[in-house]
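Shown next: model-v3.pdb, containing PDB, C-alpha atoms, pLDDT in the B column.
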```
MODEL        1
ATOM      1  CA  MET A   1     -59.273  90.878 112.191  1.00 69.00           C
ATOM      2  CA  ASP A   2     -62.110  89.647 109.978  1.00 85.00           C
ATOM      3  CA  PRO A   3     -61.349  86.617 107.842  1.00 90.00           C
ATOM      4  CA  VAL A   4     -60.656  87.233 104.167  1.00 93.00           C
ATOM      5  CA  PHE A   5     -62.936  84.377 103.120  1.00 94.00           C
ATOM      6  CA  SER A   6     -65.864  84.724 105.503  1.00 92.00           C
ATOM      7  CA  PRO A   7     -68.609  82.088 105.560  1.00 91.00           C
ATOM      8  CA  GLU A   8     -71.009  84.791 104.335  1.00 91.00           C
ATOM      9  CA  TRP A   9     -68.783  85.601 101.338  1.00 91.00           C
ATOM     10  CA  LEU A  10     -68.353  81.900 100.523  1.00 94.00           C
ATOM     11  CA  ASP A  11     -72.138  81.374 100.528  1.00 93.00           C
ATOM     12  CA  ALA A  12     -72.723  84.483  98.413  1.00 92.00           C
ATOM     13  CA  PHE A  13     -69.986  83.440  95.980  1.00 93.00           C
ATOM     14  CA  VAL A  14     -71.423  79.966  95.436  1.00 94.00           C
ATOM     15  CA  ALA A  15     -74.977  81.299  95.056  1.00 92.00           C
ATOM     16  CA  HIS A  16     -73.923  83.969  92.543  1.00 92.00           C
ATOM     17  CA  ALA A  17     -71.208  82.134  90.587  1.00 93.00           C
ATOM     18  CA  ARG A  18     -73.249  78.953  90.173  1.00 91.00           C
ATOM     19  CA  THR A  19     -75.503  80.573  87.560  1.00 88.00           C
ATOM     20  CA  ALA A  20     -74.162  84.033  86.716  1.00 88.00           C
ATOM     21  CA  PRO A  21     -72.887  84.686  83.201  1.00 87.00           C
ATOM     22  CA  TRP A  22     -69.187  85.449  82.885  1.00 85.00           C
ATOM     23  CA  GLU A  23     -68.519  89.135  83.600  1.00 80.00           C
ATOM     24  CA  GLY A  24     -67.958  91.187  80.445  1.00 77.00           C
ATOM     25  CA  ARG A  25     -69.106  88.474  78.065  1.00 73.00           C
ATOM     26  CA  GLU A  26     -70.954  91.052  75.979  1.00 73.00           C
ATOM     27  CA  VAL A  27     -67.836  93.155  75.337  1.00 72.00           C
ATOM     28  CA  LYS A  28     -65.037  90.584  75.005  1.00 74.00           C
ATOM     29  CA  LEU A  29     -64.303  88.288  72.091  1.00 82.00           C
ATOM     30  CA  ALA A  30     -66.651  85.331  71.844  1.00 83.00           C
ATOM     31  CA  GLU A  31     -63.651  83.065  71.227  1.00 88.00           C
ATOM     32  CA  TYR A  32     -62.205  84.037  74.609  1.00 88.00           C
ATOM     33  CA  PHE A  33     -65.278  82.858  76.482  1.00 88.00           C
ATOM     34  CA  GLU A  34     -65.539  79.732  74.338  1.00 91.00           C
ATOM     35  CA  ALA A  35     -62.018  78.916  75.558  1.00 91.00           C
ATOM     36  CA  VAL A  36     -62.998  79.764  79.160  1.00 91.00           C
ATOM     37  CA  ASP A  37     -66.002  77.423  78.857  1.00 91.00           C
ATOM     38  CA  ARG A  38     -63.719  74.616  77.618  1.00 91.00           C
ATOM     39  CA  MET A  39     -61.329  75.248  80.514  1.00 92.00           C
ATOM     40  CA  ALA A  40     -64.244  75.201  82.962  1.00 91.00           C
ATOM     41  CA  ALA A  41     -65.513  71.879  81.641  1.00 90.00           C
ATOM     42  CA  ASP A  42     -62.004  70.415  81.889  1.00 88.00           C
ATOM     43  CA  PHE A  43     -60.998  72.007  85.199  1.00 90.00           C
ATOM     44  CA  GLY A  44     -61.700  69.231  87.658  1.00 88.00           C
ATOM     45  CA  PRO A  45     -63.684  68.952  90.859  1.00 94.00           C
ATOM     46  CA  THR A  46     -61.882  71.392  93.180  1.00 95.00           C
ATOM     47  CA  LEU A  47     -60.015  74.669  93.424  1.00 96.00           C
ATOM     48  CA  GLY A  48     -58.169  75.897  96.502  1.00 96.00           C
ATOM     49  CA  LEU A  49     -57.695  79.472  97.673  1.00 97.00           C
ATOM     50  CA  VAL A  50     -55.207  80.496 100.360  1.00 97.00           C
ATOM     51  CA  SER A  51     -54.677  83.763 102.183  1.00 96.00           C
ATOM     52  CA  THR A  52     -51.269  83.783 103.831  1.00 95.00           C
ATOM     53  CA  THR A  53     -48.598  86.188 104.967  1.00 92.00           C
ATOM     54  CA  ASN A  54     -45.890  83.608 104.274  1.00 87.00           C
ATOM     55  CA  ARG A  55     -45.338  82.358 100.716  1.00 84.00           C
ATOM     56  CA  TYR A  56     -43.347  79.322 101.820  1.00 81.00           C
ATOM     57  CA  ARG A  57     -45.089  77.797 104.803  1.00 83.00           C
ATOM     58  CA  VAL A  58     -48.340  77.725 106.702  1.00 88.00           C
ATOM     59  CA  ASP A  59     -48.500  80.145 109.600  1.00 85.00           C
ATOM     60  CA  PRO A  60     -51.200  80.588 112.262  1.00 86.00           C
ATOM     61  CA  ASP A  61     -52.995  83.276 110.222  1.00 89.00           C
ATOM     62  CA  THR A  62     -53.204  81.214 107.020  1.00 94.00           C
ATOM     63  CA  GLU A  63     -56.769  80.840 105.712  1.00 96.00           C
ATOM     64  CA  ALA A  64     -57.668  78.108 103.240  1.00 96.00           C
ATOM     65  CA  VAL A  65     -60.794  77.497 101.179  1.00 97.00           C
ATOM     66  CA  GLN A  66     -61.808  74.514  99.112  1.00 97.00           C
ATOM     67  CA  ILE A  67     -64.254  75.208  96.301  1.00 97.00           C
ATOM     68  CA  ASP A  68     -66.031  72.154  94.921  1.00 97.00           C
ATOM     69  CA  LEU A  69     -66.933  72.509  91.258  1.00 96.00           C
ATOM     70  CA  ASP A  70     -69.337  70.835  88.867  1.00 94.00           C
ATOM     71  CA  GLY A  71     -68.708  71.685  85.220  1.00 91.00           C
ATOM     72  CA  GLY A  72     -66.574  74.599  86.315  1.00 92.00           C
ATOM     73  CA  ARG A  73     -69.245  76.168  88.510  1.00 93.00           C
ATOM     74  CA  PRO A  74     -69.051  76.166  92.313  1.00 96.00           C
ATOM     75  CA  VAL A  75     -71.465  73.938  94.179  1.00 96.00           C
ATOM     76  CA  ARG A  76     -69.866  74.325  97.609  1.00 97.00           C
ATOM     77  CA  ALA A  77     -67.142  76.419  99.216  1.00 96.00           C
ATOM     78  CA  ARG A  78     -65.851  75.934 102.705  1.00 96.00           C
ATOM     79  CA  ARG A  79     -63.009  76.963 104.952  1.00 96.00           C
ATOM     80  CA  VAL A  80     -60.590  74.109 105.585  1.00 97.00           C
ATOM     81  CA  ALA A  81     -57.251  73.570 107.267  1.00 95.00           C
ATOM     82  CA  PRO A  82     -54.461  74.441 104.809  1.00 95.00           C
ATOM     83  CA  GLU A  83     -53.247  70.840 105.016  1.00 94.00           C
ATOM     84  CA  ALA A  84     -56.602  69.686 103.600  1.00 95.00           C
ATOM     85  CA  LEU A  85     -55.634  71.240 100.257  1.00 95.00           C
ATOM     86  CA  ALA A  86     -52.727  68.811  99.751  1.00 93.00           C
ATOM     87  CA  ASP A  87     -54.719  66.790  97.197  1.00 93.00           C
ATOM     88  CA  VAL A  88     -56.352  69.766  95.472  1.00 94.00           C
ATOM     89  CA  PRO A  89     -54.797  70.031  91.987  1.00 92.00           C
ATOM     90  CA  LEU A  90     -54.550  73.833  91.862  1.00 94.00           C
ATOM     91  CA  VAL A  91     -54.354  76.231  94.804  1.00 95.00           C
ATOM     92  CA  LEU A  92     -54.190  79.978  94.248  1.00 96.00           C
ATOM     93  CA  ALA A  93     -52.705  82.063  97.064  1.00 96.00           C
ATOM     94  CA  GLY A  94     -52.118  85.660  97.987  1.00 97.00           C
ATOM     95  CA  SER A  95     -51.617  87.909 100.956  1.00 96.00           C
ATOM     96  CA  PRO A  96     -54.658  89.008 102.945  1.00 95.00           C
ATOM     97  CA  ALA A  97     -54.204  92.530 101.547  1.00 96.00           C
ATOM     98  CA  ALA A  98     -54.076  91.260  97.947  1.00 97.00           C
ATOM     99  CA  TRP A  99     -57.205  89.136  98.397  1.00 96.00           C
ATOM    100  CA  ARG A 100     -59.062  92.042 100.007  1.00 95.00           C
ATOM    101  CA  ARG A 101     -58.210  94.333  97.062  1.00 95.00           C
ATOM    102  CA  VAL A 102     -59.282  91.686  94.552  1.00 95.00           C
ATOM    103  CA  LEU A 103     -62.502  90.700  96.308  1.00 94.00           C
ATOM    104  CA  ALA A 104     -63.494  94.336  96.808  1.00 92.00           C
ATOM    105  CA  GLY A 105     -63.011  94.943  93.084  1.00 92.00           C
ATOM    106  CA  ASP A 106     -60.174  97.409  93.678  1.00 94.00           C
ATOM    107  CA  GLU A 107     -57.726  95.268  91.673  1.00 95.00           C
ATOM    108  CA  ASP A 108     -58.451  93.220  88.580  1.00 93.00           C
ATOM    109  CA  VAL A 109     -57.984  89.486  89.090  1.00 94.00           C
ATOM    110  CA  ALA A 110     -55.911  89.072  85.914  1.00 93.00           C
ATOM    111  CA  LYS A 111     -53.641  91.942  86.924  1.00 95.00           C
ATOM    112  CA  ALA A 112     -53.216  90.443  90.396  1.00 96.00           C
ATOM    113  CA  VAL A 113     -52.083  87.150  88.838  1.00 94.00           C
ATOM    114  CA  MET A 114     -49.818  88.832  86.282  1.00 93.00           C
ATOM    115  CA  TYR A 115     -48.098  90.907  88.983  1.00 94.00           C
ATOM    116  CA  ARG A 116     -47.924  87.861  91.287  1.00 93.00           C
ATOM    117  CA  ASP A 117     -50.140  89.318  93.980  1.00 96.00           C
ATOM    118  CA  LEU A 118     -52.031  86.030  93.486  1.00 96.00           C
ATOM    119  CA  TYR A 119     -49.887  83.036  92.625  1.00 95.00           C
ATOM    120  CA  LEU A 120     -49.819  79.258  92.342  1.00 95.00           C
ATOM    121  CA  TRP A 121     -49.268  77.985  95.877  1.00 94.00           C
ATOM    122  CA  HIS A 122     -49.651  74.308  95.083  1.00 90.00           C
ATOM    123  CA  GLY A 123     -50.158  72.360  91.883  1.00 92.00           C
ATOM    124  CA  ASP A 124     -48.840  71.694  88.417  1.00 91.00           C
ATOM    125  CA  ILE A 125     -47.488  74.823  86.741  1.00 92.00           C
ATOM    126  CA  HIS A 126     -48.514  73.631  83.268  1.00 92.00           C
ATOM    127  CA  ALA A 127     -52.091  72.937  84.411  1.00 90.00           C
ATOM    128  CA  PHE A 128     -52.129  76.360  86.065  1.00 92.00           C
ATOM    129  CA  PHE A 129     -51.229  78.179  82.842  1.00 90.00           C
ATOM    130  CA  ARG A 130     -53.617  76.074  80.757  1.00 90.00           C
ATOM    131  CA  ARG A 131     -56.511  77.039  83.041  1.00 91.00           C
ATOM    132  CA  ILE A 132     -55.631  80.472  84.362  1.00 92.00           C
ATOM    133  CA  TYR A 133     -58.255  82.320  82.314  1.00 91.00           C
ATOM    134  CA  PHE A 134     -60.992  80.135  83.782  1.00 93.00           C
ATOM    135  CA  MET A 135     -59.750  80.815  87.323  1.00 93.00           C
ATOM    136  CA  VAL A 136     -59.622  84.553  86.605  1.00 93.00           C
ATOM    137  CA  GLU A 137     -63.181  84.631  85.267  1.00 92.00           C
ATOM    138  CA  LEU A 138     -64.492  82.481  88.127  1.00 93.00           C
ATOM    139  CA  LEU A 139     -62.928  84.788  90.715  1.00 94.00           C
ATOM    140  CA  ARG A 140     -64.284  87.858  88.905  1.00 92.00           C
ATOM    141  CA  LEU A 141     -67.741  86.539  89.769  1.00 92.00           C
ATOM    142  CA  GLY A 142     -66.739  86.785  93.435  1.00 92.00           C
ATOM    143  CA  GLN A 143     -65.705  90.410  93.293  1.00 90.00           C
ATOM    144  CA  LYS A 144     -67.811  93.094  94.957  1.00 81.00           C
ATOM    145  CA  LEU A 145     -70.067  90.604  96.740  1.00 83.00           C
ATOM    146  CA  ARG A 146     -69.255  92.322 100.007  1.00 59.00           C
ATOM    147  CA  PRO A 147     -67.062  95.207 101.038  1.00 43.00           C
ATOM    148  CA  ALA A 148     -63.559  94.122 101.983  1.00 41.00           C
ATOM    149  CA  PRO A 149     -62.817  94.802 105.647  1.00 44.00           C
ATOM    150  CA  VAL A 150     -60.507  97.711 106.345  1.00 42.00           C
ATOM    151  CA  THR A 151     -57.013  96.540 107.312  1.00 44.00           C
TER     152      THR A 151
ENDMDL
END
```
Before we go any further, please render this structure as structure tokens.
Amino acid sequence: MDPVFSPEWLDAFVAHARTAPWEGREVKLAEYFEAVDRMAADFGPTLGLVSTTNRYRVDPDTEAVQIDLDGGRPVRARRVAPEALADVPLVLAGSPAAWRRVLAGDEDVAKAVMYRDLYLWHGDIHAFFRRIYFMVELLRLGQKLRPAPVT
């Protein structure tokens, strides 16, 4: 089966999200995006993403991505061993099916987090909730960059 986070998607995500304006900025409250910008500036240097079929342990099909950030914008994204994310402050995880729906634009990122299709896999729960809107908006920039493979 095709990887959820293909090298092609990672490259397209970094290229697009590095400079793209936040999606929907023209229709949402300005105060919301001012808060997102503050969260982005305060986020830190890395974000982890994990696609796994097991919420509690790494299995052979687990995919992991480390996204390096500068001022809240990605400068590099690469596939890594899940163990390499041990020092990443916040790691967002979901099943392969959930990630495919989100990345294809078939499910809203915020809804996926609210319904726990995407969840905190590793990190401080308080930091997660203080920065969740930034993570949602960053991942929205990665939606629809490529069709999700059929599962």
Counting only C-alpha atoms, give me one row per residue of stretch 17-71 of chain A with an atom at most 10 Å from an atom of stretch 119-129 of chain A, showing the shortest contact pair and its distance in Å to one decimal, sorted by chain then residue number, as a Markdown table.
```
| residue | atom | partner | partner_atom | distance |
| --- | --- | --- | --- | --- |
| A:Phe43 | CA | A:Ala127 | CA | 9.0 |
| A:Gly48 | CA | A:His122 | CA | 8.8 |
| A:Leu49 | CA | A:Trp121 | CA | 8.7 |
| A:Val50 | CA | A:Trp121 | CA | 7.9 |
| A:Arg55 | CA | A:Trp121 | CA | 7.6 |
| A:Tyr56 | CA | A:Trp121 | CA | 8.5 |
| A:Arg57 | CA | A:Trp121 | CA | 9.9 |
```
Expected selection from the PyMOL selection byres ((chain A and resi 92) around 12), given as a count of residues only: 44
Considering all atoms listed in the file, return as number ranges by chain whatever protein or nucleic-acid residues lie within 9 Å of A:Ala41, sequence-local ones (same chain, fewer than 2 positions apart) excluded. A: 36-39, 43-44, 70-73
Taking all atoms listed in the file into account, name the residue in A:Pro60, A:Gly105, A:Pro74, A:Gly142 that is nearest to A:Val14. A:Pro74
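Atom CA of A:Asp11 is found 28.1 Å from atom CA of A:Val27.
Distance check against A:Trp22 using all atoms listed in the file: of A:Leu138, A:Val4, A:Val75, A:Leu145, the minimum falls on A:Leu138.
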Atom CA of A:Phe13 to atom CA of A:Arg25 measures 18.6 Å
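The spacing separating atom CA of A:Glu23 from atom CA of A:Arg78 amounts to 23.4 Å.
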